[in-house]
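Visitor: Dropping in data.txt, which is compact mmCIF, C-alpha atoms:
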```txt
# COMPACT_ATOMS: atom_id res chain seq x y z
CA MET A 1 -29.41 -54.17 -102.35
CA THR A 2 -29.36 -56.84 -99.68
CA ARG A 3 -27.94 -60.33 -100.25
CA PHE A 4 -31.53 -61.50 -100.59
CA ASP A 5 -32.24 -58.92 -103.32
CA ARG A 6 -29.13 -59.90 -105.27
CA SER A 7 -30.15 -63.54 -105.03
CA GLU A 8 -33.64 -62.73 -106.30
CA ARG A 9 -32.19 -60.88 -109.31
CA ARG A 10 -30.16 -63.96 -110.22
CA ILE A 11 -33.08 -66.34 -109.69
CA TRP A 12 -35.49 -64.41 -111.91
CA ALA A 13 -33.08 -63.28 -114.64
CA GLY A 14 -34.48 -64.19 -118.05
CA THR A 15 -37.36 -66.29 -116.71
CA ALA A 16 -40.34 -64.27 -117.97
CA HIS A 17 -41.54 -66.69 -120.63
CA ALA A 18 -40.95 -69.78 -118.47
CA TYR A 19 -42.89 -68.16 -115.62
CA ALA A 20 -45.72 -67.07 -117.93
CA ALA A 21 -46.06 -70.66 -119.16
CA THR A 22 -46.08 -72.23 -115.69
CA PHE A 23 -46.77 -70.49 -112.38
CA ALA A 24 -48.39 -67.35 -113.81
CA ARG A 25 -51.80 -69.00 -114.08
CA LEU A 26 -51.68 -69.92 -110.39
CA CYS A 27 -50.70 -66.39 -109.38
CA ALA A 28 -53.48 -64.89 -111.48
CA HIS A 29 -56.20 -66.34 -109.25
CA PRO A 30 -56.34 -63.49 -106.67
CA VAL A 31 -56.19 -60.68 -109.28
CA PRO A 32 -59.93 -59.82 -109.34
CA ALA A 33 -60.05 -59.65 -105.53
CA LEU A 34 -56.82 -57.62 -105.49
CA LEU A 35 -58.25 -55.00 -107.86
CA ASP A 36 -61.62 -54.92 -106.08
CA THR A 37 -59.88 -54.36 -102.76
CA ALA A 38 -57.93 -51.40 -104.18
CA ALA A 39 -61.11 -50.00 -105.83
CA VAL A 40 -59.47 -50.03 -109.26
CA GLY A 41 -61.89 -48.82 -111.92
CA PRO A 42 -62.24 -46.36 -114.79
CA ARG A 43 -59.55 -43.64 -114.80
CA THR A 44 -57.99 -44.88 -111.54
CA ARG A 45 -54.30 -44.01 -111.63
CA THR A 46 -52.98 -47.46 -110.77
CA LEU A 47 -49.46 -48.70 -110.09
CA ASP A 48 -48.87 -52.43 -110.57
CA ALA A 49 -45.70 -52.98 -108.55
CA GLY A 50 -43.87 -56.15 -109.58
CA THR A 51 -45.97 -56.67 -112.68
CA GLY A 52 -44.23 -59.82 -113.90
CA PRO A 53 -45.65 -60.65 -117.34
CA GLY A 54 -48.33 -58.00 -116.91
CA THR A 55 -51.25 -60.07 -115.64
CA VAL A 56 -52.49 -57.53 -113.10
CA ALA A 57 -51.75 -54.59 -115.41
CA ALA A 58 -53.87 -56.16 -118.16
CA ALA A 59 -56.77 -56.77 -115.79
CA ALA A 60 -56.59 -53.19 -114.46
CA HIS A 61 -56.49 -51.80 -118.01
CA ALA A 62 -59.56 -53.88 -118.86
CA ARG A 63 -61.37 -52.02 -116.06
CA GLY A 64 -60.49 -48.69 -117.64
CA ALA A 65 -57.70 -47.76 -115.24
CA ALA A 66 -54.72 -45.62 -116.22
CA VAL A 67 -52.01 -48.20 -115.60
CA THR A 68 -48.34 -47.84 -114.77
CA ALA A 69 -46.39 -51.05 -114.18
CA VAL A 70 -42.91 -51.72 -112.87
CA ASP A 71 -40.71 -54.77 -112.47
CA ALA A 72 -37.10 -55.34 -111.44
CA GLU A 73 -36.53 -58.05 -114.08
CA PRO A 74 -36.04 -56.72 -117.64
CA SER A 75 -37.47 -59.84 -119.31
CA MET A 76 -40.66 -59.44 -117.26
CA ALA A 77 -40.96 -55.76 -118.15
CA ALA A 78 -40.45 -56.55 -121.84
CA LEU A 79 -43.17 -59.20 -121.77
CA ALA A 80 -45.53 -56.86 -119.90
CA ARG A 81 -44.99 -54.16 -122.53
CA ARG A 82 -46.02 -56.59 -125.26
CA SER A 83 -48.95 -57.91 -123.24
CA VAL A 84 -50.31 -54.50 -122.19
CA PRO A 85 -49.15 -51.90 -124.75
CA ALA A 86 -51.45 -49.28 -123.22
CA ALA A 87 -49.61 -49.41 -119.89
CA ALA A 88 -46.50 -47.40 -119.05
CA VAL A 89 -44.03 -50.13 -118.06
CA HIS A 90 -40.72 -49.34 -116.38
CA ILE A 91 -37.78 -51.27 -114.91
CA ALA A 92 -37.10 -50.51 -111.24
CA ALA A 93 -36.74 -52.37 -107.97
CA LEU A 94 -38.25 -51.70 -104.59
CA PRO A 95 -37.58 -49.89 -102.34
CA ARG A 96 -36.79 -47.18 -104.94
CA LEU A 97 -39.36 -46.28 -107.57
CA PRO A 98 -39.02 -43.52 -110.21
CA TYR A 99 -42.33 -41.83 -109.42
CA ALA A 100 -43.37 -38.63 -107.71
CA ASP A 101 -44.96 -38.50 -104.30
CA ALA A 102 -48.73 -39.19 -104.34
CA ALA A 103 -48.66 -40.10 -108.05
CA PHE A 104 -51.26 -42.90 -107.86
CA ASP A 105 -54.81 -43.42 -106.64
CA ALA A 106 -54.22 -47.15 -106.10
CA VAL A 107 -51.18 -49.38 -105.72
CA VAL A 108 -51.37 -53.15 -106.16
CA ALA A 109 -48.63 -55.74 -105.64
CA ASN A 110 -49.40 -59.37 -106.45
CA PHE A 111 -46.98 -61.77 -104.69
CA VAL A 112 -44.22 -59.17 -104.63
CA LEU A 113 -43.47 -58.69 -100.94
CA ASN A 114 -42.14 -62.27 -100.81
CA HIS A 115 -39.35 -61.19 -103.18
CA VAL A 116 -37.89 -58.04 -101.62
CA GLY A 117 -35.05 -57.92 -99.12
CA ARG A 118 -36.45 -55.05 -97.06
CA PRO A 119 -40.24 -55.46 -96.88
CA ALA A 120 -40.82 -52.54 -94.50
CA ALA A 121 -38.84 -50.17 -96.73
CA ALA A 122 -40.70 -51.47 -99.78
CA LEU A 123 -44.05 -50.71 -98.14
CA ALA A 124 -42.88 -47.25 -97.14
CA GLU A 125 -41.99 -46.57 -100.78
CA LEU A 126 -45.38 -47.79 -101.98
CA ARG A 127 -47.00 -45.49 -99.44
CA ARG A 128 -44.91 -42.56 -100.70
CA VAL A 129 -46.22 -42.86 -104.28
CA LEU A 130 -49.83 -43.32 -103.13
CA ARG A 131 -52.04 -40.26 -102.79
CA PRO A 132 -53.56 -39.44 -99.39
CA GLY A 133 -56.65 -41.59 -99.00
CA GLY A 134 -55.54 -43.96 -101.76
CA ALA A 135 -55.64 -47.74 -101.34
CA LEU A 136 -52.88 -50.33 -101.33
CA ALA A 137 -53.72 -53.98 -101.96
CA LEU A 138 -51.19 -56.79 -101.95
CA THR A 139 -50.98 -60.54 -101.86
CA LEU A 140 -48.31 -62.80 -100.46
CA TRP A 141 -47.88 -66.48 -99.72
CA PRO A 142 -48.51 -67.44 -96.10
CA SER A 143 -46.36 -69.56 -93.83
CA PRO A 144 -46.94 -72.39 -93.33
CA PRO A 145 -48.08 -72.93 -96.94
CA ALA A 146 -51.17 -74.81 -98.06
CA SER A 147 -50.71 -78.45 -98.97
CA GLY A 148 -50.70 -77.89 -102.72
CA GLN A 149 -48.01 -75.26 -102.50
CA ALA A 150 -45.94 -77.48 -100.22
CA LEU A 151 -45.80 -80.35 -102.73
CA LEU A 152 -42.63 -79.24 -104.52
CA GLY A 153 -40.86 -78.50 -101.24
CA ARG A 154 -41.76 -81.94 -99.95
CA ALA A 155 -40.20 -83.52 -103.05
CA LEU A 156 -37.01 -81.55 -102.51
CA HIS A 157 -36.88 -82.55 -98.86
CA ALA A 158 -37.46 -86.22 -99.70
CA ALA A 159 -34.52 -86.05 -102.12
CA GLY A 160 -32.29 -84.61 -99.39
CA VAL A 161 -32.04 -81.13 -100.91
CA VAL A 162 -31.48 -78.29 -98.45
CA ARG A 163 -31.42 -74.56 -99.10
CA PRO A 164 -27.80 -73.64 -100.00
CA PRO A 165 -25.97 -70.50 -98.83
CA GLU A 166 -26.32 -68.88 -102.26
CA LEU A 167 -30.08 -68.73 -101.66
CA PRO A 168 -30.14 -66.53 -98.54
CA SER A 169 -33.21 -65.90 -96.44
CA LEU A 170 -34.23 -62.45 -95.25
CA ALA A 171 -32.09 -60.92 -92.55
CA PRO A 172 -33.78 -61.47 -89.15
CA GLU A 173 -34.34 -57.74 -88.67
CA ASP A 174 -36.21 -57.55 -92.00
CA ASP A 175 -38.35 -60.67 -91.64
CA PHE A 176 -41.94 -60.78 -90.42
CA PRO A 177 -44.59 -63.46 -89.79
CA ARG A 178 -46.42 -64.46 -92.96
CA THR A 179 -49.76 -64.30 -91.17
CA PRO A 180 -52.65 -61.81 -91.23
CA ALA A 181 -51.41 -60.32 -87.96
CA GLY A 182 -47.84 -60.17 -89.24
CA ILE A 183 -48.61 -58.32 -92.46
CA THR A 184 -51.09 -55.98 -90.74
CA ALA A 185 -48.46 -55.02 -88.18
CA LEU A 186 -45.94 -54.40 -90.96
CA LEU A 187 -48.39 -52.14 -92.79
CA ASP A 188 -49.07 -50.20 -89.61
CA THR A 189 -45.34 -49.77 -89.02
CA ALA A 190 -44.97 -48.37 -92.56
CA GLY A 191 -47.50 -45.66 -91.71
CA PHE A 192 -50.60 -47.01 -93.43
CA ARG A 193 -54.08 -46.59 -91.96
CA ARG A 194 -57.04 -48.99 -91.77
CA SER A 195 -54.85 -52.01 -92.39
CA GLY A 196 -56.45 -55.43 -92.71
CA CYS A 197 -55.82 -58.87 -94.11
CA GLU A 198 -57.85 -61.88 -95.15
CA ARG A 199 -56.97 -65.37 -96.31
CA LEU A 200 -57.92 -66.56 -99.79
CA ASP A 201 -58.23 -70.31 -100.37
CA TRP A 202 -58.63 -72.02 -103.73
CA GLU A 203 -57.80 -75.20 -105.62
CA HIS A 204 -55.45 -74.93 -108.56
CA ARG A 205 -55.78 -77.63 -111.23
CA ALA A 206 -52.78 -78.54 -113.36
CA GLY A 207 -51.39 -81.59 -115.10
CA ARG A 208 -48.55 -83.34 -113.30
CA GLU A 209 -46.01 -82.50 -116.01
CA GLU A 210 -47.31 -78.93 -116.26
CA TRP A 211 -46.73 -78.45 -112.54
CA TRP A 212 -43.29 -80.00 -112.70
CA SER A 213 -42.30 -77.85 -115.69
CA GLY A 214 -42.06 -74.72 -113.49
CA PRO A 215 -39.15 -75.90 -111.34
CA ALA A 216 -37.73 -77.91 -114.23
CA SER A 217 -37.49 -74.62 -116.18
CA GLY A 218 -35.71 -72.90 -113.28
CA VAL A 219 -38.60 -70.68 -112.23
CA ALA A 220 -38.45 -69.13 -108.73
CA SER A 221 -36.27 -70.33 -105.87
CA VAL A 222 -37.62 -73.88 -106.13
CA GLY A 223 -36.55 -73.90 -109.78
CA ARG A 224 -33.11 -72.63 -108.84
CA LEU A 225 -32.77 -75.49 -106.36
CA VAL A 226 -33.78 -78.04 -108.99
CA ARG A 227 -31.72 -76.69 -111.88
CA THR A 228 -28.49 -76.38 -109.89
CA ARG A 229 -28.53 -80.01 -108.70
CA THR A 230 -26.72 -82.86 -110.42
CA PRO A 231 -28.67 -84.96 -112.95
CA GLU A 232 -28.89 -87.74 -110.38
CA VAL A 233 -30.40 -85.46 -107.72
CA ARG A 234 -32.79 -83.90 -110.24
CA ALA A 235 -33.99 -87.38 -111.12
CA ALA A 236 -34.51 -88.16 -107.43
CA ILE A 237 -36.52 -84.97 -106.94
CA LYS A 238 -38.71 -85.86 -109.92
CA HIS A 239 -39.19 -89.40 -108.60
CA HIS A 240 -40.39 -88.10 -105.24
CA PHE A 241 -42.55 -85.47 -106.91
CA ASP A 242 -44.31 -88.14 -108.98
CA ALA A 243 -44.86 -90.30 -105.91
CA LEU A 244 -46.10 -87.50 -103.67
CA SER A 245 -48.36 -85.96 -106.30
CA VAL A 246 -50.50 -89.11 -106.41
CA GLU A 247 -52.46 -87.85 -103.39
CA PHE A 248 -53.60 -84.82 -105.44
CA ALA A 249 -54.22 -86.59 -108.78
CA ASP A 250 -57.45 -87.76 -110.38
CA GLU A 251 -57.73 -90.74 -112.71
CA ASP A 252 -56.45 -88.64 -115.63
CA GLY A 253 -53.38 -87.46 -113.71
CA VAL A 254 -54.68 -83.91 -113.24
CA LEU A 255 -53.64 -82.44 -109.90
CA THR A 256 -56.02 -80.53 -107.63
CA LEU A 257 -53.67 -78.45 -105.49
CA PRO A 258 -55.03 -76.52 -102.48
CA HIS A 259 -53.45 -73.07 -102.27
CA SER A 260 -53.82 -70.10 -99.94
CA ALA A 261 -52.77 -66.48 -100.13
CA LEU A 262 -52.98 -63.49 -97.83
CA LEU A 263 -54.80 -60.49 -99.30
CA ALA A 264 -53.92 -57.33 -97.39
CA THR A 265 -55.22 -53.81 -97.78
CA ALA A 266 -54.43 -50.43 -96.28
CA HIS A 267 -54.86 -46.72 -96.97
CA ARG A 268 -52.53 -43.78 -96.88
```
Let me see the file written as structure tokens.
Guide:
Amino acid sequence: MTRFDRSERRIWAGTAHAYAATFARLCAHPVPALLDTAAVGPRTRTLDAGTGPGTVAAAAHARGAAVTAVDAEPSMAALARRSVPAAAVHIAALPRLPYADAAFDAVVANFVLNHVGRPAAALAELRRVLRPGGALALTLWPSPPASGQALLGRALHAAGVVRPPELPSLAPEDDFPRTPAGITALLDTAGFRRSGCERLDWEHRAGREEWWSGPASGVASVGRLVRTRTPEVRAAIKHHFDALSVEFADEDGVLTLPHSALLATAHR
């Protein structure tokens, strides 16, 4: 594993229920488009790579697909098993999966590529387990982010919080532009055919305290940054979050947060 991978394992350890109660609803928005893009339907042998709490796996099963799901975090895999008992759920981390070559008709990965240390190697592994002619569909967060997604980062910045060394970024040789052109080029490099990418835009509605509860519970890298600060700094982050969130709030305090994702597809 890379330093980035090891950091991700620490960040996500034991967070399944906190994630399911906070950011999972946001990340569920692209799931129908993701499954449509991969042509997931009845009897489609489908791999949900990075299943998290099983949101995509459950939606694929509801379409009649034969679902296999995998996640690197044991608490996520355990929650997915309970959520989707009909799916075969395993613990494994990209870029090594315990499946035979060409084992699946479709592979889907919802906001997974953001969390692997070697994205090109991860895509090559997903291509390996996909049958010739099969479809890959994946989502990832773009850079720069939409304004709703940037809210928490703005609060951290206003409180003077910077990314510490224990939260490493990707190595320069492994990084790529989080743009349609960047992900399409990465797919082409991994050997996929007919690669393409589109941008999905939507507005996510959440209460102010609901949105804050994700980082306050330690979910994702933003949560790691919040939870490892002193009480005084955490209070400052929350103060700036409350002030900045006013621009997204209605009279009842419900936030309307613009978000965007990249939806990419390719074929083996």
Visitor: To one decimal place, how far is atom CA of A:Ser195 from atom CA of A:Thr265 in Å?
Guide: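 Distance reported for this atom pair: 5.7 Å.
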Visitor: With only C-alpha atoms as the atoms that count, which of A:Asp250, A:Leu225, A:Ala49, A:Ala66 lies nearest to A:His90?
Guide: A:Ala49
Visitor: Would you list the contacts of A:Gly191 as a list in words, taking every protein, DNA or RNA residue within 9 Å and counting all atoms listed in the file, but skipping same-chain residues closer than 6 positions in sequence?
Guide: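 My list of contacting residues is Leu123, Ala124, Arg127 and Arg268 of chain A.
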Visitor: Counting only C-alpha atoms, which residues in stretch 20-57 of chain A sit no more than 12 Å from stretch 112-121 of chain A? For each one, give the nearest pair of atoms and the distance in Å, sorted by chain then residue number, as a Markdown table.
Guide:
```
| residue | atom | partner | partner_atom | distance |
| --- | --- | --- | --- | --- |
| A:Cys27 | CA | A:Val112 | CA | 10.8 |
| A:Asp48 | CA | A:Val112 | CA | 10.1 |
| A:Ala49 | CA | A:Val112 | CA | 7.5 |
| A:Gly50 | CA | A:Val112 | CA | 5.8 |
| A:Thr51 | CA | A:Val112 | CA | 8.6 |
| A:Gly52 | CA | A:Val112 | CA | 9.3 |
| A:Val56 | CA | A:Val112 | CA | 12.0 |
```
Visitor: Could the residues in this selection be saved with C-alpha atoms as an mmCIF file, in the coordinates of the input?
Guide:
```cif
data_model
loop_
_atom_site.group_PDB
_atom_site.id
_atom_site.type_symbol
_atom_site.label_atom_id
_atom_site.label_comp_id
_atom_site.auth_asym_id
_atom_site.auth_seq_id
_atom_site.Cartn_x
_atom_site.Cartn_y
_atom_site.Cartn_z
ATOM 1 C CA CYS A 27 -50.700 -66.390 -109.380
ATOM 2 C CA ASP A 48 -48.870 -52.430 -110.570
ATOM 3 C CA ALA A 49 -45.700 -52.980 -108.550
ATOM 4 C CA GLY A 50 -43.870 -56.150 -109.580
ATOM 5 C CA THR A 51 -45.970 -56.670 -112.680
ATOM 6 C CA GLY A 52 -44.230 -59.820 -113.900
ATOM 7 C CA VAL A 56 -52.490 -57.530 -113.100
#
```
Visitor: Could you tell me which of A:Ala39, A:Ala65, A:Leu244, A:Ala21 comes closest to A:Leu156 if we count all atoms listed in the file?
Guide: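 Going through A:Ala39, A:Ala65, A:Leu244, A:Ala21 one by one, the smallest distance to A:Leu156 is for A:Leu244.
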Visitor: Separation of atom CA of A:Ala102 and atom CA of A:Ala171, in Å?
Guide: 29.8 Å
Visitor: Would you kindly return, as a list in words, each protein, DNA or RNA residue with an atom no farther than 10 Å from any atom of A:Pro85, considering all atoms listed in the file and excluding same-chain residues fewer than 3 positions away?
Guide: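 The contact residues come out as Gly54, Ala58, His61, Leu79, Ala80, Arg81, Arg82, Ala88 and Val89 of chain A.
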Visitor: Which value, in Å to one decimal, gives the distance between atom CA of A:Ala106 and atom CA of A:Gly134?
Guide: 5.5 Å
Visitor: Determine the nearest neighbour of A:Val40 from the options A:Val84, A:Val222, A:Leu94, A:Ala59, counting all atoms listed in the file.
Guide: A:Ala59
Visitor: Which protein, DNA or RNA residues have an atom at most 12 Å from (-42.5, -71.6, -115.7), counting only C-alpha atoms? List them as a PyMOL selection string.
Guide: chain A and resi 12+14-27+53+209-224
Visitor: Just write the chosen residues, C-alpha atoms, as a PDB file, keeping the file's coordinate frame.
Guide:
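After the write, result-v4.pdb holds the following:
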```pdb
ATOM      1  CA  TRP A  12     -35.490 -64.410-111.910  1.00  0.00           C
ATOM      2  CA  GLY A  14     -34.480 -64.190-118.050  1.00  0.00           C
ATOM      3  CA  THR A  15     -37.360 -66.290-116.710  1.00  0.00           C
ATOM      4  CA  ALA A  16     -40.340 -64.270-117.970  1.00  0.00           C
ATOM      5  CA  HIS A  17     -41.540 -66.690-120.630  1.00  0.00           C
ATOM      6  CA  ALA A  18     -40.950 -69.780-118.470  1.00  0.00           C
ATOM      7  CA  TYR A  19     -42.890 -68.160-115.620  1.00  0.00           C
ATOM      8  CA  ALA A  20     -45.720 -67.070-117.930  1.00  0.00           C
ATOM      9  CA  ALA A  21     -46.060 -70.660-119.160  1.00  0.00           C
ATOM     10  CA  THR A  22     -46.080 -72.230-115.690  1.00  0.00           C
ATOM     11  CA  PHE A  23     -46.770 -70.490-112.380  1.00  0.00           C
ATOM     12  CA  ALA A  24     -48.390 -67.350-113.810  1.00  0.00           C
ATOM     13  CA  ARG A  25     -51.800 -69.000-114.080  1.00  0.00           C
ATOM     14  CA  LEU A  26     -51.680 -69.920-110.390  1.00  0.00           C
ATOM     15  CA  CYS A  27     -50.700 -66.390-109.380  1.00  0.00           C
ATOM     16  CA  PRO A  53     -45.650 -60.650-117.340  1.00  0.00           C
ATOM     17  CA  GLU A 209     -46.010 -82.500-116.010  1.00  0.00           C
ATOM     18  CA  GLU A 210     -47.310 -78.930-116.260  1.00  0.00           C
ATOM     19  CA  TRP A 211     -46.730 -78.450-112.540  1.00  0.00           C
ATOM     20  CA  TRP A 212     -43.290 -80.000-112.700  1.00  0.00           C
ATOM     21  CA  SER A 213     -42.300 -77.850-115.690  1.00  0.00           C
ATOM     22  CA  GLY A 214     -42.060 -74.720-113.490  1.00  0.00           C
ATOM     23  CA  PRO A 215     -39.150 -75.900-111.340  1.00  0.00           C
ATOM     24  CA  ALA A 216     -37.730 -77.910-114.230  1.00  0.00           C
ATOM     25  CA  SER A 217     -37.490 -74.620-116.180  1.00  0.00           C
ATOM     26  CA  GLY A 218     -35.710 -72.900-113.280  1.00  0.00           C
ATOM     27  CA  VAL A 219     -38.600 -70.680-112.230  1.00  0.00           C
ATOM     28  CA  ALA A 220     -38.450 -69.130-108.730  1.00  0.00           C
ATOM     29  CA  SER A 221     -36.270 -70.330-105.870  1.00  0.00           C
ATOM     30  CA  VAL A 222     -37.620 -73.880-106.130  1.00  0.00           C
ATOM     31  CA  GLY A 223     -36.550 -73.900-109.780  1.00  0.00           C
ATOM     32  CA  ARG A 224     -33.110 -72.630-108.840  1.00  0.00           C
TER      33      ARG A 224
END
```
Visitor: So which residues touch A:Ala60 within 12 Å, counting all atoms listed in the file, skipping near sequence neighbours fewer than 5 positions away, as a PDB file with C-alpha atoms, in the coordinates of the input?
Guide:
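Written output follows (out-v6.pdb):
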```pdb
ATOM      1  CA  VAL A  31     -56.190 -60.680-109.280  1.00  0.00           C
ATOM      2  CA  PRO A  32     -59.930 -59.820-109.340  1.00  0.00           C
ATOM      3  CA  ALA A  33     -60.050 -59.650-105.530  1.00  0.00           C
ATOM      4  CA  LEU A  34     -56.820 -57.620-105.490  1.00  0.00           C
ATOM      5  CA  LEU A  35     -58.250 -55.000-107.860  1.00  0.00           C
ATOM      6  CA  ASP A  36     -61.620 -54.920-106.080  1.00  0.00           C
ATOM      7  CA  ALA A  38     -57.930 -51.400-104.180  1.00  0.00           C
ATOM      8  CA  ALA A  39     -61.110 -50.000-105.830  1.00  0.00           C
ATOM      9  CA  VAL A  40     -59.470 -50.030-109.260  1.00  0.00           C
ATOM     10  CA  GLY A  41     -61.890 -48.820-111.920  1.00  0.00           C
ATOM     11  CA  PRO A  42     -62.240 -46.360-114.790  1.00  0.00           C
ATOM     12  CA  ARG A  43     -59.550 -43.640-114.800  1.00  0.00           C
ATOM     13  CA  THR A  44     -57.990 -44.880-111.540  1.00  0.00           C
ATOM     14  CA  ARG A  45     -54.300 -44.010-111.630  1.00  0.00           C
ATOM     15  CA  THR A  46     -52.980 -47.460-110.770  1.00  0.00           C
ATOM     16  CA  LEU A  47     -49.460 -48.700-110.090  1.00  0.00           C
ATOM     17  CA  ASP A  48     -48.870 -52.430-110.570  1.00  0.00           C
ATOM     18  CA  THR A  51     -45.970 -56.670-112.680  1.00  0.00           C
ATOM     19  CA  GLY A  54     -48.330 -58.000-116.910  1.00  0.00           C
ATOM     20  CA  THR A  55     -51.250 -60.070-115.640  1.00  0.00           C
ATOM     21  CA  ALA A  65     -57.700 -47.760-115.240  1.00  0.00           C
ATOM     22  CA  ALA A  66     -54.720 -45.620-116.220  1.00  0.00           C
ATOM     23  CA  VAL A  67     -52.010 -48.200-115.600  1.00  0.00           C
ATOM     24  CA  THR A  68     -48.340 -47.840-114.770  1.00  0.00           C
ATOM     25  CA  ALA A  69     -46.390 -51.050-114.180  1.00  0.00           C
ATOM     26  CA  VAL A  84     -50.310 -54.500-122.190  1.00  0.00           C
ATOM     27  CA  ALA A  86     -51.450 -49.280-123.220  1.00  0.00           C
ATOM     28  CA  ALA A  87     -49.610 -49.410-119.890  1.00  0.00           C
ATOM     29  CA  ALA A 106     -54.220 -47.150-106.100  1.00  0.00           C
ATOM     30  CA  VAL A 107     -51.180 -49.380-105.720  1.00  0.00           C
ATOM     31  CA  VAL A 108     -51.370 -53.150-106.160  1.00  0.00           C
TER      32      VAL A 108
END
```
Visitor: Would you mind telling me which residue in A:Ile183, A:Val226, A:Val254, A:Leu263 lies nearest to A:Asp201 when using only C-alpha atoms?
Guide: A:Leu263
Visitor: Please provide the set of residues having any atom within 10 Å of stretch 158-163 of chain A, restricted to only C-alpha atoms, with same-chain residues fewer than 4 positions apart removed, written as an NGL selection string.
Guide: :A and (152-154 or 167-169 or 221-222 or 225-226 or 229 or 233-241 or 244)
Visitor: Pick from A:Leu130, A:Ile11, A:Leu138, A:Ala185: nearest to A:Leu97, with all atoms listed in the file counted?
Guide: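 Smallest separation from A:Leu97 among the options: A:Leu130.
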Visitor: I'd like the contact shell of A:Thr139 - 6 Å cut-off, all atoms listed in the file, skipping same-chain residues fewer than 4 positions apart - returned as a ChimeraX atom specification.
Guide: /A:110-111,262-263
Visitor: When distances are computed from all atoms listed in the file, which of A:Asp105, A:Asp5, A:Glu198, A:Asp71 shows the smallest separation from A:Ala264?
Guide: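 Distance minimum relative to A:Ala264 lands on A:Glu198.
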